[in-house]
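> Pasting a structure here, questions to come.
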Number of protein chains: 2
Amino acid sequence: MHILIIGAAGMVGRKLVDRLAAEPSVFGAQVGRLTLADAFAPPVPPSLQAISTPVTLDLAMPGAAEKLIAGRPDMIFHLAAVVSGEAEADFGKGYAVNLDGSRMLFEAIRHESARAPYCPRLIFASSIAVFGQPFPERIGDDFLTAPLTSYGTQKAICELLLADYTRKGILDGIGLRLPTICIRPGTPNKAASGFFSNILREPLAGKEAVLPVGEEVRHWFASPRAAIGFLVHAACMDSARIGPRRSLSMPGLSATVGEQIAALRRVAGERAVRLIRRVPDAHIAGIVAGWPTDFDARRASELGFRAETCFDDIIRIHLEDELGGTHA
Amino acid sequence: MHILIIGAAGMVGRKLVDRLAAEPSVFGAQVGRLTLADAFAPPVPPSLQAISTPVTLDLAMPGAAEKLIAGRPDMIFHLAAVVSGEAEADFGKGYAVNLDGSRMLFEAIRHESARAPYCPRLIFASSIAVFGQPFPERIGDDFLTAPLTSYGTQKAICELLLADYTRKGILDGIGLRLPTICIRPGTPNKAASGFFSNILREPLAGKEAVLPVGEEVRHWFASPRAAIGFLVHAACMDSARIGPRRSLSMPGLSATVGEQIAALRRVAGERAVRLIRRVPDAHIAGIVAGWPTDFDARRASELGFRAETCFDDIIRIHLEDELGGTHA
């Protein structure tokens, strides 16, 4: 099997590659070839170097998608995107990468399949940003995608394209609307959603973190480990069970900031909680107020996708996967 | 006011131009300039010749949209599209015209507005084809757009773009999801939906018509006059009332074929009804079975859009507007 990962240098892409390195049979069949593409040089784990081809390219450049598809990968993970804040600030760049780049990928597959039979599975990382206010109490599988950002618009458009190209038999697409990944490893960043991870990751490492919103703020979460599980499940499942609506809201955990903090207290004690500094920020609070808070992800659950059901587990997974099982 | 109509040679475009000819103040302000664009030479009513510029072009050609927007029209009706059957048969052409053509139009406006302040109202003819099975009993305003055709996919994508360009202040967009237009004037065509009009229009003219489905088949209708009314209302309304979800399912009338025939009997008598020949066609019945049957078009109704509420009126409107008030 030949696997192509586009966006292989990103957080999710690297964790997916690491999972394959740790468990070579994770996709069922033996992986004989691995193409790792990204705008930045993607890292390659030592055990995968013999089968890997790292490719540095910009998916929005003419010819880039054709180059990736010329090798006729059997399985494609499309994780590459200009992130939300940048897509909002740079309208042209967001559309060029997130919409045109994706469409050029789909078109390259169409042209390749016209040359000789070819229908790769394509797993597309979508986002809960496809939804916009006002929301019902829980967002169900029939709720309209009415995004309120350019990023969400681009993801929603790609979902529509994915379904149509799949319906036409050009590819075998599955879109996964990922919850906010928590606890996101690395260092604090300026993303408006960053604090959801910062207030846990930093105290667990003995460092201070800033909380810009109130404890009543509710959001929708899954661990990085769950996100990789979604990708693996989408790669291995019987896609005929999905039907024509090819994008699925992934299961997750709805929790308030207060519930996050209570879980931190249970796992790491009051000393960790005291490292959270409350610095209200009306701008961030305003952005976050427009985000989904809860889902009824029934279709995905029925199709076997699984996420955490308690926040303590989300914290313990971070300890196990990032901190060698312990905290500061 | 400068008005641009793209798709001015089509059935809806011609009726919109005729309405302006009949009622020069229909849009409130005086129309000083009228640009009529289509892939085929658009007809110009004599009373509008002094202010009209007919333009024959293909919106999907590079430069075409820029040419139309260079005149900075205040109001744009975007009615042009490759129709459903052709978009399904010719995948590349459907996307080139219905998606790329529309996007080039929006992009031309973005670039024009970057040169000097400009934010035209843009009224986009969308379609109930943005919806796909399975449906609730009535399709509400929060129901997801999950099209099952390339045409529906292209319209749904344009709706998303329209909302995002409007949110960014580039244009003032309103998308109208038109019901199936009935009674469609002209001659019987091969569209799968054609019989809904044929079984009324032909008997009213003393001619035979073929009914390929059963009387229990239900669908969603509005008259051509109502469709023009939607466009005029969208042009004149306070668009700030719409909010960020800029595409609206238009009101209409849910009726079965049996109810259509009963209305024909009431308006034109048993002799007309006897001209309907039943020739079951499983292929057409299969296509039609996937179409929406009923809507709860609450948002559009609250915003003042109005359609017929009884099928007899739809037939009478055809007699008045197409047959000089009488039937065969």
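Residue numbering restarts at 1 in every chain; chains get A, B, ... in the order shown in the structure tokens, and ligands count up from 1 in that same order.
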Contacts from chain B to chain A, 12 Å maximum, only C-alpha atoms: show me the residue list as a PyMOL selection string.
chain B and resi 87-92+95+99-100+103+107+110-111+130-136+139-168+170+243-247
> Write down as a list in words the residues of region 62-174 of chain B whose backbone DSSP state falls under strand (DSSP E or B).
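For region 62-174 of chain B, the strand (DSSP E or B) set is Met75, Ile76, Phe77, His78, Arg121, Leu122, Ile123, Phe124, Ala125, Ser126, Ser127, Ile139, Phe143, Asp172, Gly173 and Ile174 of chain B.
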> Closest to Leu178 (chain A) among A:Ser126, A:Ser197, A:Ser223, A:Ser25, using only C-alpha atoms?
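Looking at the shortest contact to Leu178 (chain A), the residue is A:Ser126.
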> Taking 4 positions as the minimum chain separation for residues in the same chain, which residues sit within 12 Å of Gly258 (chain B) when counting only C-alpha atoms? Answer as JSON, numbers by chain.
{"B": [196, 199, 200, 211, 213, 214, 215, 216, 217, 218, 219, 254, 262, 263, 264, 265, 273, 276, 311]}
> Give me the residues within 12 Å of Ala29 (chain B) as a list in words, counting only C-alpha atoms and dropping any in the same chain fewer than 6 places off.
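Residues meeting the cut-off are Met1, His2, Ile3, Leu20, Glu23, Asp74, Met75, Ala235 and Cys236 of chain B.
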> Which value, in Å to one decimal, gives the distance between CA of Ser52 (chain B) and CA of Arg19 (chain B)?
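Calculated distance between CA of Ser52 (chain B) and CA of Arg19 (chain B) is 14.5 Å.
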> Grab the CA of Glu302 (chain B) to CA of Ile314 (chain B) distance for me, in Å with one decimal place.
21.9 Å
> Counting only C-alpha atoms, what is within 7 Å of region 305-308 of chain B, bar same-chain residues fewer than 3 positions away, as a PDB file with C-alpha atoms, in the first residue's frame?

```
ATOM      1  CA  ALA B 222     -44.055  28.602  -7.753  1.00  0.00           C
ATOM      2  CA  ALA B 226     -43.827  34.609  -8.262  1.00  0.00           C
ATOM      3  CA  PHE B 230     -38.829  37.051  -5.472  1.00  0.00           C
ATOM      4  CA  HIS B 233     -38.292  41.810  -3.567  1.00  0.00           C
ATOM      5  CA  PRO B 251     -41.904  30.083  -0.362  1.00  0.00           C
ATOM      6  CA  GLY B 252     -43.878  27.903  -2.709  1.00  0.00           C
ATOM      7  CA  LEU B 253     -46.741  25.480  -2.967  1.00  0.00           C
ATOM      8  CA  ALA B 300     -38.237  33.945   3.552  1.00  0.00           C
ATOM      9  CA  SER B 301     -41.901  34.388   4.462  1.00  0.00           C
ATOM     10  CA  ASP B 313     -53.891  30.557  -9.058  1.00  0.00           C
ATOM     11  CA  ILE B 314     -50.783  29.095 -10.680  1.00  0.00           C
TER      12      ILE B 314
END
```
